[in-house]
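Student: Sharing upload-v5.cif below, mmCIF, C-alpha atoms:
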```cif
data_final
loop_
_atom_site.label_atom_id
_atom_site.label_comp_id
_atom_site.auth_asym_id
_atom_site.auth_seq_id
_atom_site.Cartn_x
_atom_site.Cartn_y
_atom_site.Cartn_z
CA MET A 1 139.39 232.68 120.52
CA LYS A 2 141.22 229.39 120.10
CA ARG A 3 143.03 229.98 123.38
CA MET A 4 139.71 230.52 125.13
CA MET A 5 138.35 227.27 123.68
CA VAL A 6 141.43 225.33 124.86
CA MET A 7 141.03 226.71 128.40
CA LEU A 8 137.37 225.70 128.46
CA VAL A 9 138.24 222.15 127.35
CA ILE A 10 140.92 221.85 130.06
CA ALA A 11 138.47 223.10 132.70
CA ALA A 12 135.90 220.55 131.56
CA VAL A 13 138.43 217.71 131.76
CA LEU A 14 139.48 218.71 135.27
CA THR A 15 135.89 218.68 136.48
CA VAL A 16 135.15 215.21 135.07
CA GLN A 17 134.96 212.71 137.94
CA MET A 18 137.05 209.59 137.54
CA PRO A 19 135.19 206.24 137.80
CA GLY A 20 134.93 204.96 141.38
CA GLU A 21 135.56 208.39 142.92
CA ALA A 22 132.90 209.95 145.10
CA ALA A 23 132.13 213.55 144.32
CA ALA A 24 132.15 214.49 147.97
CA VAL A 25 132.11 211.59 150.41
CA GLY A 26 130.07 212.54 153.46
CA LYS A 27 131.66 212.43 156.89
CA PRO A 28 131.14 209.19 158.83
CA ILE A 29 128.20 209.16 161.21
CA GLU A 30 128.50 205.56 162.49
CA MET A 31 131.39 203.16 162.96
CA THR A 32 131.89 199.69 164.38
CA LEU A 33 135.16 198.41 165.81
CA ASN A 34 136.37 194.81 165.76
CA TYR A 35 136.41 194.83 169.59
CA SER A 36 134.38 196.56 172.29
CA THR A 37 136.50 194.86 174.97
CA ILE A 38 139.96 193.62 174.08
CA LEU A 39 142.14 191.19 176.02
CA VAL A 40 145.91 191.52 175.62
CA LYS A 41 148.55 189.20 177.02
CA LEU A 42 151.25 190.82 179.13
CA HIS A 43 153.98 191.89 176.67
CA GLY A 44 151.77 190.62 173.86
CA LYS A 45 150.00 192.50 171.04
CA GLN A 46 146.50 192.91 169.66
CA THR A 47 145.18 195.11 166.85
CA LEU A 48 142.15 197.38 167.16
CA LYS A 49 140.55 198.63 163.94
CA VAL A 50 137.39 199.96 162.33
CA SER A 51 135.42 197.02 160.89
CA SER A 52 132.58 199.01 159.31
CA ILE A 53 131.61 202.61 158.64
CA ALA A 54 128.46 204.48 157.58
CA PRO A 55 127.75 205.88 155.11
CA SER A 56 129.52 203.45 152.83
CA GLY A 57 132.69 204.92 151.41
CA ALA A 58 133.25 207.38 154.26
CA SER A 59 136.73 207.68 155.73
CA LYS A 60 137.80 205.02 158.24
CA SER A 61 140.70 207.17 159.42
CA VAL A 62 140.71 207.37 163.23
CA LYS A 63 142.85 208.55 166.12
CA TYR A 64 143.68 206.24 169.05
CA GLU A 65 144.22 207.62 172.57
CA ILE A 66 144.92 205.45 175.62
CA ALA A 67 144.05 206.48 179.17
CA ASN A 68 146.81 204.70 181.09
CA ARG A 69 150.09 204.30 179.21
CA LYS A 70 151.58 202.30 182.07
CA VAL A 71 149.10 199.47 181.45
CA ALA A 72 149.25 199.45 177.63
CA SER A 73 150.37 201.42 174.61
CA VAL A 74 148.71 201.92 171.22
CA THR A 75 150.20 202.93 167.88
CA LYS A 76 148.69 205.12 165.16
CA LYS A 77 147.60 201.93 163.41
CA GLY A 78 145.77 200.56 166.46
CA VAL A 79 148.37 198.01 167.58
CA ILE A 80 148.03 197.57 171.34
CA LYS A 81 150.87 196.24 173.48
CA GLY A 82 150.33 194.98 177.03
CA LYS A 83 152.82 196.55 179.42
CA LYS A 84 151.41 195.88 182.89
CA ILE A 85 148.62 193.70 184.29
CA GLY A 86 145.58 195.91 184.68
CA VAL A 87 142.66 197.62 182.94
CA THR A 88 142.50 200.81 180.90
CA THR A 89 140.51 202.33 178.02
CA ILE A 90 141.21 203.50 174.49
CA ARG A 91 139.27 206.33 172.90
CA VAL A 92 138.83 205.97 169.14
CA THR A 93 137.88 209.21 167.35
CA SER A 94 137.05 209.68 163.67
CA LYS A 95 139.41 212.16 162.05
CA LYS A 96 136.62 213.35 159.75
CA ASN A 97 133.99 213.66 162.48
CA LYS A 98 135.36 214.60 165.90
CA SER A 99 132.02 213.91 167.56
CA LEU A 100 132.10 210.27 166.43
CA ARG A 101 133.91 208.39 169.20
CA LYS A 102 134.09 204.91 170.68
CA LEU A 103 135.53 203.72 174.00
CA VAL A 104 137.20 200.32 174.17
CA LYS A 105 138.01 198.51 177.40
CA VAL A 106 141.53 197.06 177.43
CA ILE A 107 142.43 194.21 179.79
CA VAL A 108 146.07 193.20 180.16
CA ALA A 109 146.48 189.76 181.75
CA ASP A 110 149.20 187.24 182.42
CA TYR A 111 147.14 184.36 180.97
CA VAL A 112 144.76 184.70 178.02
CA PRO A 113 142.70 182.13 176.09
CA THR A 114 144.68 180.12 173.56
CA LYS A 115 141.90 177.73 172.57
CA VAL A 116 138.11 177.42 172.78
CA LYS A 117 136.03 174.25 172.53
CA LEU A 118 132.24 174.04 172.46
CA SER A 119 130.18 171.29 174.08
CA ALA A 120 129.03 170.22 170.59
CA ALA A 121 130.37 170.67 167.06
CA SER A 122 126.93 170.14 165.51
CA VAL A 123 123.37 170.13 166.86
CA LYS A 124 119.97 169.10 165.49
CA MET A 125 116.90 170.91 166.78
CA LYS A 126 113.15 171.13 166.23
CA VAL A 127 111.27 174.40 165.82
CA ASP A 128 110.59 176.04 169.25
CA GLN A 129 113.13 173.76 170.94
CA LYS A 130 115.80 175.11 173.30
CA LYS A 131 119.31 173.78 173.86
CA THR A 132 122.38 175.11 175.67
CA LEU A 133 125.95 175.30 174.39
CA LYS A 134 128.94 175.59 176.69
CA ALA A 135 132.33 177.06 175.82
CA THR A 136 135.47 175.72 177.48
CA VAL A 137 138.48 178.03 177.40
CA THR A 138 142.05 176.88 177.89
CA PRO A 139 144.43 177.19 179.64
CA LYS A 140 142.69 176.72 182.98
CA LYS A 141 144.77 179.50 184.51
CA VAL A 142 142.80 182.13 182.58
CA LEU A 143 140.77 184.18 185.03
CA ALA A 144 137.04 183.44 184.96
CA ALA A 145 136.27 187.04 183.97
CA ASN A 146 138.61 186.74 180.98
CA LYS A 147 137.02 183.50 179.80
CA LYS A 148 133.90 185.42 178.83
CA GLY A 149 133.16 186.24 175.23
CA THR A 150 130.42 186.85 172.69
CA TRP A 151 127.91 184.39 171.25
CA ILE A 152 127.00 185.06 167.60
CA SER A 153 124.38 183.46 165.34
CA SER A 154 124.89 183.58 161.58
CA ASP A 155 121.09 183.71 161.17
CA ALA A 156 119.09 184.69 164.26
CA GLU A 157 115.82 184.15 162.36
CA ILE A 158 116.60 180.42 162.25
CA VAL A 159 118.25 180.04 165.65
CA SER A 160 119.06 182.73 168.19
CA ILE A 161 121.41 182.48 171.15
CA SER A 162 121.57 184.30 174.48
CA SER A 163 124.61 185.62 176.31
CA LYS A 164 124.48 182.44 178.39
CA GLY A 165 124.62 180.10 175.38
CA VAL A 166 120.92 179.19 175.30
CA MET A 167 119.80 178.48 171.71
CA VAL A 168 116.20 178.84 170.55
CA ALA A 169 115.12 177.35 167.21
CA HIS A 170 112.63 179.56 165.32
CA ARG A 171 112.22 178.04 161.85
CA GLU A 172 113.61 175.41 159.50
CA GLY A 173 117.10 175.91 158.13
CA THR A 174 120.76 175.86 159.09
CA ALA A 175 122.90 178.37 160.97
CA THR A 176 126.28 178.58 162.64
CA ILE A 177 126.73 179.55 166.27
CA THR A 178 130.13 181.03 167.11
CA PHE A 179 131.75 181.89 170.44
CA VAL A 180 134.47 184.58 170.33
CA THR A 181 136.71 185.40 173.30
CA PHE A 182 137.97 188.91 174.16
CA ASN A 183 141.23 188.13 172.37
CA GLY A 184 139.62 186.73 169.23
CA LYS A 185 139.77 182.96 169.78
CA LYS A 186 136.79 181.24 168.14
CA ALA A 187 134.84 177.99 168.14
CA ALA A 188 131.76 177.19 166.04
CA CYS A 189 128.78 174.82 166.10
CA ALA A 190 126.64 173.92 163.06
CA VAL A 191 122.92 173.93 163.87
CA SER A 192 120.23 172.25 161.77
CA VAL A 193 116.59 173.03 162.53
CA ASP A 194 113.74 170.80 161.34
CA ALA A 195 110.00 171.45 161.50
CA GLN A 196 108.33 170.25 164.66
CA GLY A 197 106.55 167.02 163.66
CA GLY A 198 103.01 166.53 164.97
CA ILE A 199 102.06 163.50 167.07
CA PRO A 200 100.37 160.94 164.79
CA ALA A 201 96.80 160.08 165.72
CA PRO A 202 96.40 156.52 167.07
CA SER A 203 94.96 154.09 164.54
CA ALA A 204 91.48 152.81 165.23
CA PRO A 205 91.47 149.34 166.79
CA GLN A 206 90.54 146.56 164.40
CA GLN A 207 87.06 145.32 165.02
CA THR A 208 86.81 141.57 165.64
CA PRO A 209 83.58 140.04 164.29
CA ALA A 210 81.40 138.26 166.81
CA VAL A 211 81.14 134.50 166.50
CA PRO A 212 77.60 133.74 165.25
CA ALA A 213 75.27 131.25 166.74
CA SER A 214 74.88 128.00 164.86
CA GLY A 215 73.28 128.66 161.49
CA GLY A 216 73.60 132.43 161.92
CA THR A 217 75.13 134.96 159.53
CA ILE A 218 78.21 137.13 160.17
CA THR A 219 77.73 140.84 159.53
CA THR A 220 80.36 143.58 159.90
CA ALA A 221 80.30 147.33 159.49
CA PRO A 222 81.51 148.14 155.97
CA ALA A 223 84.61 150.21 155.35
CA SER A 224 84.03 153.72 154.06
CA GLY A 225 82.90 153.53 150.45
CA SER A 226 82.24 149.74 150.69
CA SER A 227 78.91 147.98 150.47
CA VAL A 228 77.58 144.92 152.26
CA SER A 229 75.86 142.13 150.39
CA ALA A 230 75.00 138.69 151.71
CA GLY A 231 77.54 138.98 154.57
CA ILE A 232 80.46 139.85 152.23
CA VAL A 233 82.25 143.26 152.42
CA SER A 234 83.12 144.27 148.87
CA GLY A 235 86.74 145.32 148.51
CA SER A 236 87.65 143.71 151.83
CA ALA A 237 87.08 139.96 151.68
CA MET A 238 86.86 138.22 155.00
CA GLU A 239 87.42 134.53 155.43
CA LEU A 240 86.15 132.42 158.30
#
```
With the file now loaded, output its structure as structure tokens.

Tutor:
Amino acid sequence: MKRMMVMLVIAAVLTVQMPGEAAAVGKPIEMTLNYSTILVKLHGKQTLKVSSIAPSGASKSVKYEIANRKVASVTKKGVIKGKKIGVTTIRVTSKKNKSLRKLVKVIVADYVPTKVKLSAASVKMKVDQKKTLKATVTPKKVLAANKKGTWISSDAEIVSISSKGVMVAHREGTATITFVTFNGKKAACAVSVDAQGGIPAPSAPQQTPAVPASGGTITTAPASGSSVSAGIVSGSAMEL
């Protein structure tokens, strides 16, 4: 009897889930990579990895397969090495869900961006206003196609940005606009959006009293809430 009780206790302990452990983590159904297109310098290296997974806590373990090994190589950890100038693709497959796959375009080039500068480091805008940012990539020898990148807004509800760098202010607040090249070089611009101020109504022209005839009396229209008595406007004394 005692032996039976001990076995039951051991079984109960083994079935207790440790804190932080998931009872049975579901297989991943969505994943996002840090690059959809990746630019690698000839004989240089770049790392491709899973940046987010759904559901939360699912395995990020993936398998990397490259189409053309003459152009580039990739390790089990996603480290890509440029071997020959050209273009190829990498297929990224979840090890826990074989149907979950992503294709990444790999460009191997002789010259890649080393620095990015935006046309402004900070911008002030009014609601509904539009402004354009420009990104300058160096060195100049980088091919025009490889100078492209992604525009990102930290809060698109305050200010959004198009693929051509056109910003649109939507409501008051602050946001950061960032340009990221294919090889991860970044530049940012701080944007402050104020409410669109209305145009103030023009003030009414001051009425000049007519000069009376000799012996006459000056009368003026009283201000709102004022009264006229014997040619004097109460609350707004007028001297001749």

Student: List as a count of residues only the protein and nucleic acid residues near range 186-195 of chain A, meaning an atom at most 10 Å away when only C-alpha atoms are counted, but skip any in the same chain fewer than 5 places from it.

Tutor: 44

Student: Please, what distance in Å, to one decimal, runs between CA of Asn68 in chain A and CA of Lys185 in chain A?

Tutor: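 For CA of Asn68 in chain A relative to CA of Lys185 in chain A, the distance reads 25.5 Å.
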
Student: Applied to the shown file, which residues does the PyMOL selection byres ((chain A and resi 92) around 12) return, written as a PyMOL selection string?

Tutor: chain A and resi 31-36+48-50+60-67+74-78+89-91+93-95+97-105

Student: So what does the PyMOL selection byres ((chain A and resi 183) around 7) actually pick up in this one, as a list in words?

Tutor: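 Expected selection for the PyMOL selection byres ((chain A and resi 183) around 7) here is Ile38, Leu39, Val40, Thr181, Phe182, Gly184 and Lys185 of chain A.
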
Student: Could those selected residues go to a file with C-alpha atoms, as a JSON list (two decimals), in the frame of the given file?

Tutor:
```
[["chain", "number", "residue", "atom", "x", "y", "z"],
["A", 38, "ILE", "CA", 139.96, 193.62, 174.08],
["A", 39, "LEU", "CA", 142.14, 191.19, 176.02],
["A", 40, "VAL", "CA", 145.91, 191.52, 175.62],
["A", 181, "THR", "CA", 136.71, 185.40, 173.30],
["A", 182, "PHE", "CA", 137.97, 188.91, 174.16],
["A", 184, "GLY", "CA", 139.62, 186.73, 169.23],
["A", 185, "LYS", "CA", 139.77, 182.96, 169.78]]
```

Student: Kindly indicate which residue among A:Leu42, A:Leu143, A:Ser56, A:Val112 lies nearest to Lys83 in chain A, using only C-alpha atoms for the distances.

Tutor: A:Leu42

Student: I'd like to know which of A:Pro55, A:Thr37, A:Lys130, A:Ala72 is closest to Ser162 in chain A, using only C-alpha atoms.

Tutor: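 Looking only at the distances to Ser162 in chain A, the closest residue turns out to be A:Lys130.
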
Student: Let me know the centre plus edge lengths, in Å and rounded to one decimal, of a box with edges along x, y and z that contains all listed atoms of range 72-79 of chain A and is padded by 4 Å on every side, as JSON.

Tutor:
```
{"center_x": 148.1, "center_y": 201.6, "center_z": 170.5, "size_x": 12.6, "size_y": 15.1, "size_z": 22.2}
```

Student: What is the CA of Ser160 in chain A-CA of Val142 in chain A distance in Å, reported with one decimal?

Tutor: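 About the pair CA of Ser160 in chain A and CA of Val142 in chain A: they are 27.8 Å apart.
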
Student: If you measure from CA of Lys81 in chain A to CA of Ile53 in chain A, what distance in Å do you get, rounded to one decimal?

Tutor: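 Computing it gives 25.1 Å between the two atoms.
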
Student: Check the smallest atom-to-atom distance from each of A:Pro28, A:Asp110, A:Lys164, A:Thr88 to Pro139 in chain A using only C-alpha atoms, then report the winner.

Tutor: A:Asp110

Student: Kindly output range 104-130 of chain A as a JSON list (two decimals), in the coordinates of the input, after building N, CA and C atoms.

Tutor:
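Result file is rebuild.json:
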```json
[["chain", "number", "residue", "atom", "x", "y", "z"],
["A", 104, "VAL", "N", 136.90, 201.75, 174.15],
["A", 104, "VAL", "CA", 137.20, 200.32, 174.17],
["A", 104, "VAL", "C", 137.90, 199.99, 175.48],
["A", 105, "LYS", "N", 137.38, 198.97, 176.15],
["A", 105, "LYS", "CA", 138.01, 198.51, 177.40],
["A", 105, "LYS", "C", 139.18, 197.60, 177.06],
["A", 106, "VAL", "N", 140.32, 197.86, 177.67],
["A", 106, "VAL", "CA", 141.53, 197.06, 177.43],
["A", 106, "VAL", "C", 141.92, 196.35, 178.72],
["A", 107, "ILE", "N", 142.02, 195.02, 178.64],
["A", 107, "ILE", "CA", 142.43, 194.21, 179.79],
["A", 107, "ILE", "C", 143.78, 193.57, 179.48],
["A", 108, "VAL", "N", 144.75, 193.82, 180.32],
["A", 108, "VAL", "CA", 146.07, 193.20, 180.16],
["A", 108, "VAL", "C", 146.19, 192.12, 181.24],
["A", 109, "ALA", "N", 146.43, 190.88, 180.82],
["A", 109, "ALA", "CA", 146.48, 189.76, 181.75],
["A", 109, "ALA", "C", 147.69, 188.88, 181.50],
["A", 110, "ASP", "N", 148.06, 188.15, 182.53],
["A", 110, "ASP", "CA", 149.20, 187.24, 182.42],
["A", 110, "ASP", "C", 148.85, 186.03, 181.57],
["A", 111, "TYR", "N", 147.60, 185.53, 181.73],
["A", 111, "TYR", "CA", 147.14, 184.36, 180.97],
["A", 111, "TYR", "C", 145.90, 184.75, 180.17],
["A", 112, "VAL", "N", 145.90, 184.41, 178.90],
["A", 112, "VAL", "CA", 144.76, 184.70, 178.02],
["A", 112, "VAL", "C", 144.37, 183.41, 177.30],
["A", 113, "PRO", "N", 143.12, 183.33, 176.81],
["A", 113, "PRO", "CA", 142.70, 182.13, 176.09],
["A", 113, "PRO", "C", 143.57, 181.83, 174.87],
["A", 114, "THR", "N", 143.93, 180.56, 174.74],
["A", 114, "THR", "CA", 144.68, 180.12, 173.56],
["A", 114, "THR", "C", 143.83, 179.18, 172.69],
["A", 115, "LYS", "N", 142.75, 178.67, 173.29],
["A", 115, "LYS", "CA", 141.90, 177.73, 172.57],
["A", 115, "LYS", "C", 140.50, 177.73, 173.17],
["A", 116, "VAL", "N", 139.50, 177.53, 172.33],
["A", 116, "VAL", "CA", 138.11, 177.42, 172.78],
["A", 116, "VAL", "C", 137.49, 176.17, 172.19],
["A", 117, "LYS", "N", 136.74, 175.45, 173.00],
["A", 117, "LYS", "CA", 136.03, 174.25, 172.53],
["A", 117, "LYS", "C", 134.59, 174.32, 173.00],
["A", 118, "LEU", "N", 133.65, 174.04, 172.09],
["A", 118, "LEU", "CA", 132.24, 174.04, 172.46],
["A", 118, "LEU", "C", 131.79, 172.64, 172.86],
["A", 119, "SER", "N", 130.69, 172.59, 173.59],
["A", 119, "SER", "CA", 130.18, 171.29, 174.08],
["A", 119, "SER", "C", 129.67, 170.42, 172.94],
["A", 120, "ALA", "N", 129.45, 170.99, 171.76],
["A", 120, "ALA", "CA", 129.03, 170.22, 170.59],
["A", 120, "ALA", "C", 129.50, 170.92, 169.33],
["A", 121, "ALA", "N", 129.92, 170.11, 168.34],
["A", 121, "ALA", "CA", 130.37, 170.67, 167.06],
["A", 121, "ALA", "C", 129.20, 170.82, 166.10],
["A", 122, "SER", "N", 128.14, 170.03, 166.33],
["A", 122, "SER", "CA", 126.93, 170.14, 165.51],
["A", 122, "SER", "C", 125.73, 169.75, 166.36],
["A", 123, "VAL", "N", 124.59, 170.36, 166.07],
["A", 123, "VAL", "CA", 123.37, 170.13, 166.86],
["A", 123, "VAL", "C", 122.17, 170.08, 165.92],
["A", 124, "LYS", "N", 121.23, 169.15, 166.21],
["A", 124, "LYS", "CA", 119.97, 169.10, 165.49],
["A", 124, "LYS", "C", 118.85, 169.52, 166.43],
["A", 125, "MET", "N", 117.98, 170.39, 165.94],
["A", 125, "MET", "CA", 116.90, 170.91, 166.78],
["A", 125, "MET", "C", 115.58, 170.88, 166.03],
["A", 126, "LYS", "N", 114.49, 170.97, 166.79],
["A", 126, "LYS", "CA", 113.15, 171.13, 166.23],
["A", 126, "LYS", "C", 112.71, 172.57, 166.47],
["A", 127, "VAL", "N", 111.79, 173.05, 165.65],
["A", 127, "VAL", "CA", 111.27, 174.40, 165.82],
["A", 127, "VAL", "C", 110.70, 174.57, 167.24],
["A", 128, "ASP", "N", 111.02, 175.69, 167.88],
["A", 128, "ASP", "CA", 110.59, 176.04, 169.25],
["A", 128, "ASP", "C", 111.37, 175.30, 170.35],
["A", 129, "GLN", "N", 112.33, 174.48, 169.94],
["A", 129, "GLN", "CA", 113.13, 173.76, 170.94],
["A", 129, "GLN", "C", 114.26, 174.65, 171.46],
["A", 130, "LYS", "N", 114.69, 174.37, 172.69],
["A", 130, "LYS", "CA", 115.80, 175.11, 173.30],
["A", 130, "LYS", "C", 116.93, 174.13, 173.67]]
```
